[in-house]
Amino acid sequence: TGETGELKVGTQCIFCYRWLPEVLGQFQEKFVNVDLEIGNCVDVFHDLENADFHLVISVAPEPLDRVVKVPLFRDELVAILHPDHALARKNYIELTDFKDEKFISIWPMPRNRFFQKVLKPAGILPRRFLVVEDPAAAMEIVAAGFGIAMAPAWAVRPLVESGRLESLPVTRAGLFLTWYAVFLKNDPNPVFMHEFIRLVGRAGIALPPKQHNKT
């Protein structure tokens, strides 16, 4: 289309960049005159209020009256480990299994949502907590057998399907999350922003669920 403008998008999950090439290609084919900028968001409301981003892709945004939350798709948070790891023989990982493991995280402990919201309330501390800020490096460390990590299933599925990593649910019920597109209610909502939201949602929904049952 002939629309012009700028769209600054923040994401709270570094792993999410795997959807970027597909979405970028489709978006910029349709909106050739719109400048698109992608960055890492730390605080959803603060970054939106400061106009650092027009739109944020987030897993668990705080309930605020001044923002709009558009559900994109549901995903599972899974444990990632080497295929030969002893835990890989299980159908799912128990929270207590983390006590004996080296936990690889792209976020420091205070910002790791899984640790703060799941492990810590259960009184569980991994044997070691190793921060590796680069997601690709973190996955390489896990693939080398030096620990386990947590990641959205859709973000690591290519590595799992290649056989380099194994993914398992955490607890029998699994840990599920919903991705949202978040923006300020009073901000302009151009057509191209809503199209970007639609493309991200479609990119996530298009990924089929992985079967976890062992044979």
# chains A, B, ... in the order shown; residues from 1 in each chain; ligands from 1
$ residues_around --residues "Cys41 in chain A" --least-positions-apart "2" --cutoff "6 Å" --atoms "only C-alpha atoms" --output "PyMOL selection string"
chain A and resi 10-12+43
$ select_by_dssp --residues "range 12-205 of chain A" --states "helix (DSSP H, G or I)" --output "JSON, numbers by chain"
{"A": [14, 15, 16, 17, 18, 19, 20, 21, 22, 23, 24, 25, 26, 27, 28, 29, 30, 44, 45, 46, 47, 48, 49, 86, 87, 88, 89, 95, 96, 97, 98, 99, 100, 109, 110, 111, 113, 114, 115, 116, 117, 118, 119, 135, 136, 137, 138, 139, 140, 141, 142, 143, 153, 154, 155, 156, 157, 158, 159, 160, 161, 191, 192, 193, 194, 195, 196, 197, 198, 199, 200, 201, 202, 203, 204, 205]}
$ residues_around --residues "Phe129 in chain A" --least-positions-apart "3" --cutoff "10 Å" --atoms "only C-alpha atoms" --output "MDAnalysis selection string"
chainID A and resid 101:105 108:109 125:126 132 147
$ write_last_selection --atoms "N, CA and C atoms" --output "tab-separated table (two decimals), in the first residue's frame"
chain	number	residue	atom	x	y	z
A	101	GLU	N	20.42	-29.55	38.81
A	101	GLU	CA	20.85	-29.17	37.48
A	101	GLU	C	21.51	-27.79	37.43
A	102	LYS	N	22.36	-27.62	36.42
A	102	LYS	CA	22.90	-26.30	36.09
A	102	LYS	C	21.87	-25.63	35.17
A	103	PHE	N	21.34	-24.50	35.62
A	103	PHE	CA	20.28	-23.81	34.89
A	103	PHE	C	20.88	-22.70	34.04
A	104	ILE	N	20.66	-22.78	32.73
A	104	ILE	CA	21.19	-21.79	31.79
A	104	ILE	C	20.08	-20.78	31.49
A	105	SER	N	20.37	-19.49	31.70
A	105	SER	CA	19.36	-18.45	31.52
A	105	SER	C	19.92	-17.28	30.72
A	108	PRO	N	19.39	-12.51	34.06
A	108	PRO	CA	19.84	-12.70	35.44
A	108	PRO	C	18.68	-13.17	36.31
A	109	MET	N	19.00	-13.76	37.44
A	109	MET	CA	17.98	-14.38	38.28
A	109	MET	C	16.80	-13.46	38.61
A	125	LEU	N	15.99	-24.16	44.26
A	125	LEU	CA	17.15	-23.41	43.75
A	125	LEU	C	18.01	-24.38	42.94
A	126	PRO	N	18.24	-24.09	41.66
A	126	PRO	CA	19.11	-24.98	40.87
A	126	PRO	C	20.51	-25.07	41.47
A	132	VAL	N	23.75	-16.58	30.35
A	132	VAL	CA	24.35	-16.48	29.02
A	132	VAL	C	23.41	-15.59	28.21
A	147	GLY	N	23.99	-28.19	30.73
A	147	GLY	CA	22.93	-27.70	31.58
A	147	GLY	C	21.59	-27.77	30.87
$ residues_around --residues "Ser167 in chain A" --least-positions-apart "4" --cutoff "7 Å" --atoms "only C-alpha atoms" --output "number ranges by chain"
A: 78-81, 160
$ residues_around --residues "Phe53 in chain A" --least-positions-apart "4" --cutoff "6 Å" --atoms "only C-alpha atoms" --output "ChimeraX atom specification"
/A:8-10,48
$ residues_around --residues "range 24-28 of chain A" --least-positions-apart "3" --cutoff "8 Å" --atoms "only C-alpha atoms" --output "list in words"
Leu20, Pro21, Phe31, Val32, Asn33, Val34, Glu195, Phe196 and Leu199 of chain A
$ atom_distance --atom1 "CA of Pro83 in chain A" --atom2 "CA of Glu166 in chain A"
5.0 Å
$ residues_around --residues "Leu175 in chain A" --least-positions-apart "6" --cutoff "10 Å" --atoms "only C-alpha atoms" --output "list in words"
Asp75, Glu76, Leu77, Val78, Ala79, Phe114, Val118, Pro152 and Pro169 of chain A
$ write_last_selection --atoms "N, CA, C and O atoms" --output "compact mmCIF listing (two decimals), in the first residue's frame"
# COMPACT_ATOMS: atom_id res chain seq x y z
N ASP A 75 1.15 -20.72 23.79
CA ASP A 75 2.39 -21.45 23.61
C ASP A 75 2.72 -22.20 24.90
O ASP A 75 2.11 -21.94 25.95
N GLU A 76 3.67 -23.09 24.82
CA GLU A 76 4.13 -23.83 25.99
C GLU A 76 5.56 -23.47 26.32
O GLU A 76 6.41 -23.36 25.42
N LEU A 77 5.85 -23.26 27.58
CA LEU A 77 7.20 -23.04 28.06
C LEU A 77 7.78 -24.41 28.40
O LEU A 77 7.24 -25.13 29.25
N VAL A 78 8.86 -24.78 27.73
CA VAL A 78 9.40 -26.13 27.87
C VAL A 78 10.84 -26.10 28.36
O VAL A 78 11.55 -25.10 28.23
N ALA A 79 11.25 -27.23 28.93
CA ALA A 79 12.65 -27.40 29.33
C ALA A 79 13.43 -27.89 28.12
O ALA A 79 12.98 -28.74 27.36
N PHE A 114 10.59 -17.56 34.91
CA PHE A 114 10.37 -18.94 35.35
C PHE A 114 10.91 -19.16 36.76
O PHE A 114 10.25 -19.78 37.60
N VAL A 118 7.93 -19.55 39.34
CA VAL A 118 7.68 -20.99 39.47
C VAL A 118 8.63 -21.65 40.47
O VAL A 118 8.18 -22.24 41.46
N PRO A 152 10.28 -20.80 25.09
CA PRO A 152 9.00 -21.05 24.42
C PRO A 152 9.18 -22.15 23.37
O PRO A 152 10.16 -22.14 22.61
N PRO A 169 7.91 -31.06 28.59
CA PRO A 169 7.03 -30.23 29.42
C PRO A 169 7.58 -30.17 30.84
O PRO A 169 8.31 -31.07 31.27
$ closest_residue --among "A:Val67, A:Val170, A:Val23, A:Ala203" --to "Asp47 in chain A" --atoms "only C-alpha atoms"
A:Val67
$ atom_distance --atom1 "CA of Ser58 in chain A" --atom2 "CA of Val182 in chain A"
7.1 Å
$ atom_distance --atom1 "CA of Lys117 in chain A" --atom2 "CA of Arg157 in chain A"
23.9 Å
$ closest_residue --among "A:Ala155, A:Val68, A:Leu119, A:Ala86" --to "Thr171 in chain A" --atoms "only C-alpha atoms"
A:Leu119
$ closest_residue --among "A:Leu165, A:Val56, A:Ile124, A:Ile38" --to "His85 in chain A" --atoms "only C-alpha atoms"
A:Leu165
$ closest_residue --among "A:Tyr180, A:Phe146, A:Trp107, A:Phe192" --to "Val44 in chain A" --atoms "only C-alpha atoms"
A:Tyr180
